[in-house]
Structure formats: C-alpha cells, structure tokens
$ cat input-v2.tsv   # TSV, C-alpha atoms and all ligand atoms
chain	number	residue	atom	x	y	z
A	22	MET	CA	-91.42	14.20	16.45
A	23	SER	CA	-93.68	14.55	19.46
A	24	TRP	CA	-93.81	17.94	21.18
A	25	ARG	CA	-93.56	16.10	24.52
A	26	THR	CA	-89.80	16.54	24.94
A	27	ARG	CA	-88.21	16.89	28.33
A	28	SER	CA	-87.36	20.57	27.73
A	29	ASN	CA	-90.86	21.42	26.44
A	30	LEU	CA	-92.50	19.81	29.48
A	31	ALA	CA	-90.09	21.69	31.77
A	32	TRP	CA	-90.92	24.98	30.01
A	33	LEU	CA	-94.68	24.36	30.31
A	34	ARG	CA	-94.43	23.36	33.97
A	35	ALA	CA	-92.52	26.57	34.73
A	36	LEU	CA	-95.26	28.84	33.34
A	37	PRO	CA	-96.88	30.80	36.21
A	38	GLY	CA	-100.38	29.47	36.95
A	39	ILE	CA	-100.04	26.35	34.79
A	40	ALA	CA	-102.28	23.35	35.55
A	41	GLU	CA	-101.76	19.85	34.20
A	42	ASP	CA	-104.52	17.43	33.09
A	43	GLU	CA	-107.04	20.14	33.77
A	44	PRO	CA	-110.72	19.20	33.22
A	45	LEU	CA	-112.36	21.30	30.51
A	46	ALA	CA	-115.97	20.04	30.53
A	47	SER	CA	-117.03	22.56	33.19
A	48	ARG	CA	-115.52	25.34	31.08
A	49	THR	CA	-117.90	24.67	28.20
A	50	SER	CA	-121.63	25.32	27.93
A	51	PHE	CA	-122.10	21.71	26.74
A	52	GLY	CA	-120.44	20.35	29.88
A	53	ILE	CA	-118.59	17.79	27.75
A	54	GLY	CA	-114.97	16.92	27.05
A	55	GLY	CA	-111.76	15.51	28.48
A	56	PRO	CA	-108.85	17.42	30.04
A	57	ALA	CA	-106.25	19.78	28.62
A	58	ASP	CA	-102.72	18.39	28.87
A	59	PHE	CA	-101.73	21.85	30.12
A	60	PHE	CA	-104.04	24.75	30.99
A	61	LEU	CA	-103.60	28.45	31.68
A	62	GLU	CA	-106.14	31.16	32.43
A	63	LEU	CA	-104.69	34.53	31.50
A	64	GLY	CA	-105.92	38.11	31.46
A	65	ARG	CA	-102.83	40.17	30.66
A	66	PRO	CA	-102.36	40.25	26.87
A	67	GLU	CA	-98.55	40.19	27.22
A	68	ALA	CA	-98.77	36.96	29.26
A	69	ILE	CA	-101.08	35.31	26.69
A	70	GLU	CA	-98.80	36.40	23.86
A	71	LYS	CA	-95.72	35.07	25.63
A	72	ALA	CA	-97.37	31.67	26.18
A	73	LEU	CA	-98.45	31.45	22.52
A	74	GLU	CA	-95.07	32.61	21.21
A	75	GLY	CA	-93.23	30.07	23.38
A	76	SER	CA	-95.56	27.30	22.23
A	77	ARG	CA	-95.03	28.18	18.58
A	78	GLU	CA	-91.24	28.25	18.96
A	79	ARG	CA	-91.29	24.84	20.66
A	80	GLY	CA	-93.85	23.20	18.36
A	81	ILE	CA	-96.35	22.76	21.20
A	82	PRO	CA	-99.95	22.70	19.91
A	83	TYR	CA	-102.25	25.23	21.59
A	84	LEU	CA	-105.93	26.09	21.65
A	85	LEU	CA	-107.53	29.36	22.69
A	86	LEU	CA	-110.63	29.11	24.83
A	87	GLY	CA	-113.20	31.84	25.44
A	88	ALA	CA	-116.47	31.04	27.21
A	89	GLY	CA	-116.58	27.59	25.58
A	90	THR	CA	-120.05	28.17	24.12
A	91	ASN	CA	-119.35	26.95	20.60
A	92	LEU	CA	-117.09	23.97	21.25
A	93	LEU	CA	-117.46	20.23	21.35
A	94	ILE	CA	-114.30	19.06	23.14
A	95	ALA	CA	-113.17	15.48	22.52
A	96	ASP	CA	-113.61	12.89	25.28
A	97	ARG	CA	-109.86	12.25	25.20
A	98	GLY	CA	-109.19	15.93	25.80
A	99	VAL	CA	-106.95	18.47	24.12
A	100	GLU	CA	-103.32	17.99	23.21
A	101	GLY	CA	-100.75	20.56	24.32
A	102	LEU	CA	-101.67	23.89	25.91
A	103	VAL	CA	-105.14	25.39	26.32
A	104	VAL	CA	-105.20	29.11	27.13
A	105	ARG	CA	-108.44	30.54	28.47
A	106	VAL	CA	-108.56	34.21	27.50
A	107	VAL	CA	-109.99	36.38	30.29
A	108	ASN	CA	-108.90	39.98	29.53
A	109	ARG	CA	-112.14	41.80	30.35
A	110	GLU	CA	-111.29	45.51	30.41
A	111	HIS	CA	-113.29	48.03	28.38
A	112	GLN	CA	-113.15	51.72	27.48
A	113	VAL	CA	-115.98	53.90	26.21
A	114	ASP	CA	-114.71	56.75	24.04
A	115	GLY	CA	-117.58	58.81	22.59
A	116	THR	CA	-119.54	56.42	20.41
A	117	ARG	CA	-116.75	53.86	20.25
A	118	VAL	CA	-116.23	51.05	22.73
A	119	ARG	CA	-113.05	49.01	22.96
A	120	ALA	CA	-113.37	45.67	24.75
A	121	GLY	CA	-110.95	43.00	25.88
A	122	ALA	CA	-111.40	39.68	24.08
A	123	GLY	CA	-112.39	37.88	27.28
A	124	LEU	CA	-115.37	40.14	28.00
A	125	LYS	CA	-118.72	38.41	27.48
A	126	MET	CA	-120.82	39.81	24.63
A	127	MET	CA	-123.88	39.93	26.92
A	128	ARG	CA	-121.96	41.97	29.49
A	129	LEU	CA	-120.71	44.32	26.78
A	130	ALA	CA	-124.30	44.77	25.56
A	131	ARG	CA	-125.24	46.06	29.03
A	132	ILE	CA	-122.14	48.28	29.26
A	133	VAL	CA	-123.07	49.81	25.90
A	134	ALA	CA	-126.67	50.46	27.00
A	135	ASP	CA	-125.43	52.02	30.28
A	136	ALA	CA	-123.36	54.43	28.16
A	137	ASN	CA	-126.54	55.44	26.25
A	138	LEU	CA	-125.32	53.90	23.04
A	139	ARG	CA	-127.38	51.85	20.59
A	140	GLY	CA	-126.62	49.21	18.00
A	141	PHE	CA	-125.26	46.42	20.17
A	142	GLU	CA	-128.51	45.00	21.54
A	143	PHE	CA	-128.19	41.90	19.32
A	144	ALA	CA	-125.23	40.78	21.47
A	145	ILE	CA	-127.56	39.96	24.37
A	146	GLY	CA	-128.25	36.71	22.48
A	147	VAL	CA	-124.61	35.64	22.24
A	148	PRO	CA	-123.30	34.00	25.45
A	149	GLY	CA	-119.67	33.84	24.24
A	150	THR	CA	-116.81	36.31	24.56
A	151	VAL	CA	-115.83	39.18	22.28
A	152	GLY	CA	-112.84	37.14	21.03
A	153	GLY	CA	-115.01	34.13	20.21
A	154	ALA	CA	-117.52	36.41	18.47
A	155	VAL	CA	-114.87	38.00	16.22
A	156	TYR	CA	-113.45	34.54	15.46
A	157	GLN	CA	-116.66	33.54	13.72
A	158	ASP	CA	-118.64	36.71	13.21
A	159	ALA	CA	-121.24	35.83	15.83
A	160	GLY	CA	-124.62	37.44	15.47
A	161	CYS	CA	-128.23	37.27	16.43
A	162	TRP	CA	-131.59	38.63	15.30
A	163	GLY	CA	-130.23	39.47	11.86
A	164	LYS	CA	-127.16	41.43	13.00
A	165	GLU	CA	-123.53	40.33	13.20
A	166	ILE	CA	-120.52	41.72	15.01
A	167	ARG	CA	-118.79	42.66	11.75
A	168	GLU	CA	-121.49	45.30	11.15
A	169	VAL	CA	-120.34	47.36	14.14
A	170	LEU	CA	-116.66	46.37	14.25
A	171	VAL	CA	-114.12	49.05	13.31
A	172	GLU	CA	-110.83	47.64	14.54
A	173	VAL	CA	-109.34	44.54	16.13
A	174	GLU	CA	-106.02	44.31	17.89
A	175	GLY	CA	-104.59	40.85	17.37
A	176	TYR	CA	-101.46	38.86	17.94
A	177	VAL	CA	-99.99	36.43	15.45
A	178	PRO	CA	-97.33	34.14	16.96
A	179	GLY	CA	-94.14	34.67	14.95
A	180	ARG	CA	-95.34	38.04	13.62
A	181	GLY	CA	-96.34	39.96	16.74
A	182	VAL	CA	-99.07	42.51	17.49
A	183	GLN	CA	-101.26	43.54	14.55
A	184	GLN	CA	-104.17	45.93	13.94
A	185	TRP	CA	-106.89	44.54	11.68
A	186	LYS	CA	-109.73	46.34	9.90
A	187	PRO	CA	-112.88	44.26	9.30
A	188	ASN	CA	-111.83	43.70	5.66
A	189	ASP	CA	-108.59	42.07	6.81
A	190	LEU	CA	-110.63	39.41	8.62
A	191	HIS	CA	-112.52	38.08	5.55
A	192	PHE	CA	-115.76	37.58	7.44
A	193	GLY	CA	-118.35	35.14	6.15
A	194	TYR	CA	-121.36	33.43	7.68
A	195	ARG	CA	-120.04	32.22	11.07
A	196	THR	CA	-116.45	32.32	9.87
A	197	SER	CA	-113.43	34.57	9.38
A	198	ALA	CA	-109.75	34.42	8.47
A	199	LEU	CA	-109.20	33.39	12.11
A	200	ARG	CA	-111.37	30.29	11.75
A	201	GLU	CA	-110.59	29.25	8.19
A	202	GLY	CA	-107.84	31.37	6.71
A	203	PRO	CA	-104.42	32.93	6.96
A	204	LEU	CA	-104.96	34.04	10.57
A	205	GLN	CA	-105.65	30.58	12.03
A	206	GLY	CA	-104.02	30.33	15.44
A	207	ALA	CA	-103.99	34.12	15.92
A	208	LEU	CA	-105.26	35.75	19.09
A	209	VAL	CA	-107.91	38.46	19.29
A	210	VAL	CA	-106.70	40.84	22.01
A	211	THR	CA	-109.28	43.65	21.83
A	212	ALA	CA	-112.13	44.67	19.53
A	213	THR	CA	-113.46	48.18	18.96
A	214	VAL	CA	-117.08	48.69	17.95
A	215	GLN	CA	-118.72	51.84	16.57
A	216	LEU	CA	-122.20	52.58	17.90
A	217	THR	CA	-124.70	55.44	17.81
A	218	ARG	CA	-125.98	57.72	20.55
A	219	GLY	CA	-129.40	56.81	21.84
A	220	ASP	CA	-131.57	55.99	24.79
A	221	GLY	CA	-129.97	53.31	26.97
A	222	GLU	CA	-133.29	52.54	28.71
A	223	GLU	CA	-134.88	51.72	25.34
A	224	ALA	CA	-131.91	49.49	24.54
A	225	LYS	CA	-132.41	47.62	27.84
A	226	GLN	CA	-136.15	47.21	27.23
A	227	LEU	CA	-135.45	45.78	23.78
A	228	MET	CA	-132.88	43.34	25.23
A	229	THR	CA	-135.33	42.20	27.90
A	230	ARG	CA	-137.97	41.53	25.23
A	231	LEU	CA	-135.54	39.68	22.96
A	232	THR	CA	-134.32	37.53	25.86
A	233	ARG	CA	-137.88	36.66	26.88
A	234	GLU	CA	-138.77	35.64	23.32
A	235	ARG	CA	-135.63	33.54	23.07
A	236	ASN	CA	-136.28	31.75	26.37
A	237	GLU	CA	-139.66	30.68	24.99
A	238	THR	CA	-138.30	29.22	21.74
A	239	GLN	CA	-134.86	27.81	22.64
A	240	PRO	CA	-133.63	25.50	25.44
A	241	ILE	CA	-131.37	28.24	26.80
A	242	LYS	CA	-131.23	26.91	30.37
A	243	THR	CA	-129.92	23.47	29.37
A	244	LYS	CA	-126.36	22.30	28.62
A	245	ASN	CA	-125.93	22.99	24.91
A	246	CYS	CA	-123.72	24.78	22.38
A	247	GLY	CA	-126.27	27.05	20.73
A	248	SER	CA	-127.01	26.30	17.08
A	249	VAL	CA	-125.44	22.99	16.11
A	250	PHE	CA	-125.74	23.61	12.35
A	251	LYS	CA	-125.38	26.62	10.11
A	252	ASN	CA	-128.57	27.60	8.34
A	253	PRO	CA	-128.46	26.51	4.69
A	254	LYS	CA	-129.05	29.34	2.17
A	255	GLY	CA	-132.70	30.40	2.22
A	256	ASP	CA	-133.72	27.84	4.86
A	257	SER	CA	-133.33	27.11	8.55
A	258	ALA	CA	-131.49	24.11	9.98
A	259	GLY	CA	-134.02	23.88	12.82
A	260	ARG	CA	-136.93	23.67	10.36
A	261	LEU	CA	-135.21	20.89	8.37
A	262	VAL	CA	-134.40	18.87	11.51
A	263	GLN	CA	-138.00	19.20	12.69
A	264	ALA	CA	-139.42	18.31	9.26
A	265	ALA	CA	-137.23	15.19	9.24
A	266	GLY	CA	-138.93	14.12	12.48
A	267	LEU	CA	-135.68	14.29	14.42
A	268	LYS	CA	-136.75	16.36	17.43
A	269	GLY	CA	-136.22	14.14	20.46
A	270	ALA	CA	-133.75	11.85	18.60
A	271	ARG	CA	-131.25	10.52	21.10
A	272	GLN	CA	-127.76	9.05	21.42
A	273	GLY	CA	-126.91	8.23	25.00
A	274	ALA	CA	-127.61	11.36	27.04
A	275	ALA	CA	-127.40	13.64	23.98
A	276	VAL	CA	-130.83	14.61	22.64
A	277	VAL	CA	-132.11	16.81	19.83
A	278	SER	CA	-134.10	19.44	21.71
A	279	THR	CA	-137.87	19.06	21.50
A	280	LEU	CA	-138.14	22.87	21.75
A	281	HIS	CA	-135.81	23.76	18.86
A	282	GLY	CA	-134.46	21.34	16.26
A	283	ASN	CA	-131.10	23.09	15.88
A	284	PHE	CA	-130.10	22.45	19.50
A	285	ILE	CA	-128.59	19.31	20.99
A	286	VAL	CA	-128.94	19.08	24.75
A	287	ASN	CA	-126.66	17.22	27.14
A	288	GLU	CA	-129.14	15.76	29.60
A	289	GLY	CA	-126.26	14.87	31.93
A	290	GLY	CA	-123.33	12.57	31.23
A	291	ALA	CA	-123.39	12.81	27.41
A	292	THR	CA	-120.01	12.19	25.77
A	293	ALA	CA	-118.50	13.97	22.78
A	294	ALA	CA	-118.81	10.66	20.93
A	295	ASP	CA	-122.58	10.63	21.65
A	296	VAL	CA	-122.96	14.16	20.30
A	297	ARG	CA	-120.88	13.41	17.21
A	298	LYS	CA	-122.94	10.32	16.42
A	299	LEU	CA	-126.15	12.29	16.83
A	300	ILE	CA	-124.82	15.09	14.59
A	301	GLU	CA	-123.88	12.53	11.92
A	302	HIS	CA	-127.29	10.86	12.18
A	303	VAL	CA	-129.10	14.20	11.78
A	304	MET	CA	-126.92	15.17	8.80
A	305	ALA	CA	-127.52	11.82	7.10
A	306	GLU	CA	-131.30	11.94	7.66
A	307	VAL	CA	-131.65	15.54	6.44
A	308	LYS	CA	-129.60	14.67	3.37
A	309	ARG	CA	-131.70	11.53	2.71
A	310	ARG	CA	-135.04	13.32	3.16
A	311	PHE	CA	-134.35	16.70	1.57
A	312	GLY	CA	-131.01	16.40	-0.28
A	313	VAL	CA	-129.56	19.19	1.89
A	314	ASP	CA	-126.01	19.03	3.30
A	315	LEU	CA	-126.06	20.52	6.80
A	316	GLU	CA	-122.77	21.99	7.97
A	317	PRO	CA	-121.90	22.04	11.69
A	318	GLU	CA	-121.59	25.47	13.27
A	319	VAL	CA	-120.23	23.98	16.50
A	320	GLU	CA	-116.47	23.49	16.37
A	321	MET	CA	-115.15	20.04	17.24
A	322	VAL	CA	-111.71	20.17	18.83
A	323	GLY	CA	-109.32	17.86	20.63
A	324	ARG	CA	-107.84	14.40	20.18
A	325	GLY	CA	-109.27	12.40	17.29
A	326	GLN	CA	-111.83	15.04	16.19
A	401	LIG	C1	-127.37	29.01	24.45
A	401	LIG	C2	-126.46	29.47	23.36
A	401	LIG	C3	-126.94	30.38	22.41
A	401	LIG	C4	-126.10	30.83	21.38
A	401	LIG	N1	-126.59	31.74	20.48
A	401	LIG	C5	-125.79	32.21	19.52
A	401	LIG	C6	-126.27	33.19	18.58
A	401	LIG	O1	-127.40	33.64	18.64
A	401	LIG	N2	-125.42	33.62	17.63
A	401	LIG	C7	-124.14	33.17	17.53
A	401	LIG	O2	-123.41	33.62	16.65
A	401	LIG	N3	-123.65	32.23	18.39
A	401	LIG	C8	-124.45	31.76	19.37
A	401	LIG	N4	-123.96	30.82	20.25
A	401	LIG	C9	-122.62	30.28	20.06
A	401	LIG	C10	-121.49	31.05	20.75
A	401	LIG	O3	-121.94	31.81	21.85
A	401	LIG	C11	-120.75	31.95	19.78
A	401	LIG	O4	-120.25	31.21	18.70
A	401	LIG	C12	-119.58	32.68	20.45
A	401	LIG	O5	-119.04	33.59	19.53
A	401	LIG	C13	-118.47	31.75	20.93
A	401	LIG	O6	-117.62	32.49	21.79
A	401	LIG	P1	-116.82	31.76	22.98
A	401	LIG	O7	-116.08	32.81	23.73
A	401	LIG	O8	-117.71	30.91	23.77
A	401	LIG	O9	-115.81	30.89	22.12
A	401	LIG	P2	-115.32	29.39	22.45
A	401	LIG	O10	-116.48	28.46	22.30
A	401	LIG	O11	-114.56	29.36	23.72
A	401	LIG	O12	-114.33	29.17	21.24
A	401	LIG	C14	-114.82	29.11	19.91
A	401	LIG	C15	-113.64	29.39	18.97
A	401	LIG	O13	-113.23	30.74	19.15
A	401	LIG	C16	-111.83	30.79	19.36
A	401	LIG	N5	-111.51	31.92	20.25
A	401	LIG	C17	-112.05	32.19	21.45
A	401	LIG	N6	-111.49	33.31	21.96
A	401	LIG	C18	-110.56	33.72	21.06
A	401	LIG	C19	-109.65	34.82	21.01
A	401	LIG	N7	-109.54	35.72	22.00
A	401	LIG	N8	-108.85	34.94	19.92
A	401	LIG	C20	-108.92	34.06	18.89
A	401	LIG	N9	-109.76	33.01	18.90
A	401	LIG	C21	-110.58	32.85	19.96
A	401	LIG	C22	-111.48	29.46	20.03
A	401	LIG	O14	-110.13	29.10	19.85
A	401	LIG	C23	-112.42	28.52	19.29
A	401	LIG	O15	-111.81	28.09	18.09
A	401	LIG	C24	-124.78	30.35	21.29
A	401	LIG	C25	-124.30	29.44	22.25
A	401	LIG	C26	-125.13	29.01	23.27
A	401	LIG	C27	-124.59	28.05	24.29

$ encode --input "input-v2.tsv" --output "structure tokens"
Amino acid sequence: MSWRTRSNLAWLRALPGIAEDEPLASRTSFGIGGPADFFLELGRPEAIEKALEGSRERGIPYLLLGAGTNLLIADRGVEGLVVRVVNREHQVDGTRVRAGAGLKMMRLARIVADANLRGFEFAIGVPGTVGGAVYQDAGCWGKEIREVLVEVEGYVPGRGVQQWKPNDLHFGYRTSALREGPLQGALVVTATVQLTRGDGEEAKQLMTRLTRERNETQPIKTKNCGSVFKNPKGDSAGRLVQAAGLKGARQGAAVVSTLHGNFIVNEGGATAADVRKLIEHVMAEVKRRFGVDLEPEVEMVGRGQ
C-alpha cells in the first residue's frame, strides 16, 4: 500500500516548517537532483526524532540529509520526507569535544584548533557534516573519524535514544552499521571525539598547507561529490581512471575531471542520469582494461536509483 494516504499527508502537512516539492539540487555539492516530496530542516534533536518516529509509525519513507556532499539525488527526486539535520552546537570539555551532527567537519576542525587541541586537522578536507562523517567513517590524509571517536549519541526510530561506542558502529572503509548494517535509518545526534593537547597555531598552519595542496590536485571549486569511487585495495581509483584514458570523458554536462580522475564535475545542467551513465562507463572501461571492479563511494538516492 502506498504511504500517500489522506491521514499521512495531513500529518506531514501539519509538521511545523514543512515544505512540499522542495528542490534539493541546491542542497547538494553536485547541484543535481529533483525535489523532496516533503522537506524539513531541523536543529533540535527532539524535533528530528519526532519527525522520524512519526514517519516510521506511518510507513512514510524518509532520508536524512547533511551537507549533501556525498549524494547523487535522482532526477525524479526523493519519495516521502527528507530531513536536513542542522544541530550545530558543540562543547569542549578538556581534551574531548562533543559536536552536533549538523556541524560541518571543517568548522569543527577550526573549533578544535582554537581550543589548542590536536588530532582533528584531517577533517579540514571533509566538507560534510559530523553526522555524514560518522555514517561512513569519512577521512582524509590517512586518518578517519573512527580513530578519534569515543562516543556517538544516536536515535533509532522504534527504539529511542542510544549511546554507541565505535565498536557498535562496525566501521569499515567508507561504511558503518548506519550505511550497511543493523543501524540503517538511524540518526546520529552528536559525536564526541578525543583529542590531545597541543599548539592550535601549528594545527592551523598544517590545515592551511593541506588545503593548499588539495586545491592544486583536486577540482575543489567545482560542483562535485568528492571521490566518486572507493580506492581498490592497494591502488587508487583516480590512477586507474587516468590510466584507462578516461579523464575528460563526458556524458552531457557531466565530465570526468581533467585534474583528478576520481572526480566527476557538473559543468552546469548535468542530470543524475548523465552522472550515472558516466559512472557506469568508467566502471566498465576500468574492468575491461585492468579487470578491476570499482565500487562507487558516492551514494545514489531517490526514485529509481
Ligand atoms: C570536494 C569534496 C571533497 C571531499 N573529500 C572527502 C574526503 O577527503 N574524505 C571523505 O571521507 N569524504 C570526502 N567527501 C565526501 C563527503 O564530504 C563525506 O562523505 C561526508 O562525510 C558526507 O557528509 P554530508 O553531511 O555531506 O552527508 P550527505 O551527503 O548529506 O549524506 C550522506 C549520507 O549520510 C547520511 N547522514 C547525513 N547526516 C546524518 C545523520 N545526522 N545521521 C545519520 N545519517 C546521516 C545521509 O542520510 C546519507 O545517507 C568530499 C566531498 C566533496 C564535495
């Protein structure tokens, strides 16, 4: 039975702040995708939890959205309710920092440096939120969030608020129990990271250097979703794409970056279908040339994906 019953639509329309047929493309770094049937932007954890609980009880599909930096949203949009998580509070307590899931990793990296703490500089390379980073163990320059994570407060619709230790989240390379396991559909509310005392100015200098290096090697200022593919064991997806002669390959306005082979750039007006076709073409060519199965790191969501 469809979730679009009269009472479900009435419940959704009565949610404070609800928008209908809300465009999502501008809420993703790719700038691609159709609308959400229903859309909410919420900061208070209790309000997010209430919306998710109500959706579960009524059989309404929902999708959590952070900064939209690892998503390819379908051209026909997203069914049900999309909740953009924007709780951005933080507390520094000695060498521990607790951050709301909606806080950007880059912002948290600066907060940590301002508190003269070290060990979070890698996060300056991750444009997503804390919640999105926990969801798939985001990392950069050889370090991942799980290495500094000590506790996560979460919410599982039907089961309520939970406290998770890193082991409970079954982290793997760009995945966790939230992405591919028993906690699918759960919400990250806050994450607490353990850092070490150090010189905040040195941390800032390191972040400036890392950012400069990255700007020279990756098309950071374009519309993209970061790495399109996971790196295969012992190799790099970017190297394989380049070796297959696929830099500059194009489908509509979606192009494999000429700067870095593991990026697809939306030159303006690319559709999700364009990007999907290009991804499939790259996967097929890399398989044909080198026998390697590339696996997408970008998550494809929405109708028909
Ligand atoms: C230029 C660029 C560079 C990048 N570089 C890196 C990099 O170096 N390393 C790296 O790891 N990634 C990188 N990324 C990818 C991206 O920033 C990360 O994957 C990030 O963790 C995604 O977070 P987000 O908030 O944007 O999540 P979104 O893209 O909004 O969502 C991704 C998934 O996370 C889920 N999610 C979001 N918030 C929550 C929450 N509160 N609770 C539960 N689930 C949630 C969503 O439902 C969705 O399934 C890059 C992206 C870009 C555009």

$ residues_near_ligand --input "input-v2.tsv" --ligand "ligand LIG 401 (chain A)" --cutoff "6 Å" --atoms "all atoms listed in the file" --output "ChimeraX atom specification"
/A:50,84-92,106,122,146-150,152-154,156,159-161,207-210,241,245-247

$ atom_distance --input "input-v2.tsv" --atom1 "atom CA of A:Pro82" --atom2 "atom CA of A:Gly290"
27.9 Å

$ closest_residue --input "input-v2.tsv" --among "A:Asn287, A:Ser197, A:Asn108, A:Gln326" --to "A:Leu63" --atoms "only C-alpha atoms"
A:Asn108

$ residues_around --input "input-v2.tsv" --residues "A:Gln215" --least-positions-apart "2" --cutoff "10 Å" --atoms "all atoms listed in the file" --output "list in words"
Asp114, Gly115, Thr116, Arg117, Val118, Arg119, Leu138, Arg139, Gly140, Phe141, Glu168, Val169, Leu170, Val171, Glu172, Thr213 and Thr217 of chain A

$ write_last_selection --input "input-v2.tsv" --atoms "C-alpha atoms" --output "PDB file, keeping the file's coordinate frame"
ATOM      1  CA  ASP A 114    -114.710  56.750  24.040  1.00  0.00           C
ATOM      2  CA  GLY A 115    -117.580  58.810  22.590  1.00  0.00           C
ATOM      3  CA  THR A 116    -119.540  56.420  20.410  1.00  0.00           C
ATOM      4  CA  ARG A 117    -116.750  53.860  20.250  1.00  0.00           C
ATOM      5  CA  VAL A 118    -116.230  51.050  22.730  1.00  0.00           C
ATOM      6  CA  ARG A 119    -113.050  49.010  22.960  1.00  0.00           C
ATOM      7  CA  LEU A 138    -125.320  53.900  23.040  1.00  0.00           C
ATOM      8  CA  ARG A 139    -127.380  51.850  20.590  1.00  0.00           C
ATOM      9  CA  GLY A 140    -126.620  49.210  18.000  1.00  0.00           C
ATOM     10  CA  PHE A 141    -125.260  46.420  20.170  1.00  0.00           C
ATOM     11  CA  GLU A 168    -121.490  45.300  11.150  1.00  0.00           C
ATOM     12  CA  VAL A 169    -120.340  47.360  14.140  1.00  0.00           C
ATOM     13  CA  LEU A 170    -116.660  46.370  14.250  1.00  0.00           C
ATOM     14  CA  VAL A 171    -114.120  49.050  13.310  1.00  0.00           C
ATOM     15  CA  GLU A 172    -110.830  47.640  14.540  1.00  0.00           C
ATOM     16  CA  THR A 213    -113.460  48.180  18.960  1.00  0.00           C
ATOM     17  CA  THR A 217    -124.700  55.440  17.810  1.00  0.00           C
TER      18      THR A 217
END

$ residues_near_point --input "input-v2.tsv" --point "(-108.1, 37.7, 10.2)" --cutoff "8 Å" --atoms "only C-alpha atoms" --output "list in words"
Trp185, Asp189, Leu190, His191, Ser197, Ala198, Leu199, Gly202, Pro203, Leu204, Gln205 and Ala207 of chain A

$ closest_residue --input "input-v2.tsv" --among "A:Arg109, A:Arg77, A:Lys251, A:Arg218" --to "A:Pro178" --atoms "all atoms listed in the file"
A:Arg77

$ residues_around --input "input-v2.tsv" --residues "A:Leu231" --least-positions-apart "4" --cutoff "10 Å" --atoms "all atoms listed in the file" --output "MDAnalysis selection string"
chainID A and resid 142:143 145:146 162 225:227 235:236

$ closest_residue --input "input-v2.tsv" --among "A:Val113, A:Val182, A:Ala120, A:Val286" --to "A:Gln239" --atoms "all atoms listed in the file"
A:Val286

$ residues_around --input "input-v2.tsv" --residues "A:Pro253" --least-positions-apart "2" --cutoff "10 Å" --atoms "only C-alpha atoms" --output "ChimeraX atom specification"
/A:250-251,255-258,261,313-316

$ decode --input "input-v2.tsv" --residues "stretch 311-326 of chain A" --atoms "N, CA, C and O atoms" --output "CSV table (one decimal), in the first residue's frame"
chain,number,residue,atom,x,y,z
A,311,PHE,N,41.6,-3.3,-16.9
A,311,PHE,CA,42.5,-3.8,-15.8
A,311,PHE,C,41.9,-4.9,-15.0
A,311,PHE,O,42.5,-5.4,-14.0
A,312,GLY,N,40.6,-5.3,-15.3
A,312,GLY,CA,40.0,-6.4,-14.5
A,312,GLY,C,39.6,-6.0,-13.1
A,312,GLY,O,39.4,-6.8,-12.3
A,313,VAL,N,39.6,-4.7,-12.9
A,313,VAL,CA,39.3,-4.2,-11.5
A,313,VAL,C,37.8,-3.7,-11.4
A,313,VAL,O,37.4,-3.0,-12.3
A,314,ASP,N,37.1,-4.2,-10.4
A,314,ASP,CA,35.7,-3.7,-10.2
A,314,ASP,C,35.8,-2.5,-9.3
A,314,ASP,O,36.0,-2.6,-8.1
A,315,LEU,N,35.5,-1.3,-9.8
A,315,LEU,CA,35.4,-0.1,-9.0
A,315,LEU,C,34.0,-0.1,-8.3
A,315,LEU,O,33.0,-0.5,-8.9
A,316,GLU,N,34.1,0.4,-7.1
A,316,GLU,CA,32.8,0.5,-6.3
A,316,GLU,C,32.5,1.9,-6.0
A,316,GLU,O,33.4,2.6,-5.5
A,317,PRO,N,31.3,2.4,-6.3
A,317,PRO,CA,31.0,3.8,-6.0
A,317,PRO,C,31.1,4.2,-4.5
A,317,PRO,O,30.7,3.4,-3.7
A,318,GLU,N,31.7,5.3,-4.2
A,318,GLU,CA,31.7,5.8,-2.9
A,318,GLU,C,30.5,6.8,-2.7
A,318,GLU,O,29.9,6.8,-1.7
A,319,VAL,N,30.2,7.5,-3.8
A,319,VAL,CA,29.0,8.4,-3.8
A,319,VAL,C,27.8,7.5,-3.6
A,319,VAL,O,27.7,6.4,-4.1
A,320,GLU,N,26.8,8.0,-2.8
A,320,GLU,CA,25.6,7.3,-2.6
A,320,GLU,C,24.5,7.8,-3.5
A,320,GLU,O,24.2,9.0,-3.5
A,321,MET,N,23.8,6.9,-4.2
A,321,MET,CA,22.8,7.3,-5.1
A,321,MET,C,21.4,7.0,-4.4
A,321,MET,O,21.1,5.9,-4.0
A,322,VAL,N,20.7,8.1,-4.3
A,322,VAL,CA,19.4,8.0,-3.6
A,322,VAL,C,18.3,8.6,-4.4
A,322,VAL,O,18.5,9.4,-5.3
A,323,GLY,N,17.0,8.2,-4.0
A,323,GLY,CA,15.9,8.8,-4.7
A,323,GLY,C,15.2,7.8,-5.6
A,323,GLY,O,15.6,6.7,-5.8
A,324,ARG,N,14.1,8.3,-6.3
A,324,ARG,CA,13.3,7.5,-7.1
A,324,ARG,C,14.1,6.8,-8.3
A,324,ARG,O,14.8,7.5,-9.0
A,325,GLY,N,14.0,5.5,-8.3
A,325,GLY,CA,14.5,4.7,-9.4
A,325,GLY,C,16.0,4.5,-9.3
A,325,GLY,O,16.6,3.9,-10.2
A,326,GLN,N,16.7,4.9,-8.2
A,326,GLN,CA,18.2,4.7,-8.1
A,326,GLN,C,18.5,3.4,-7.3
A,326,GLN,O,17.8,3.0,-6.5
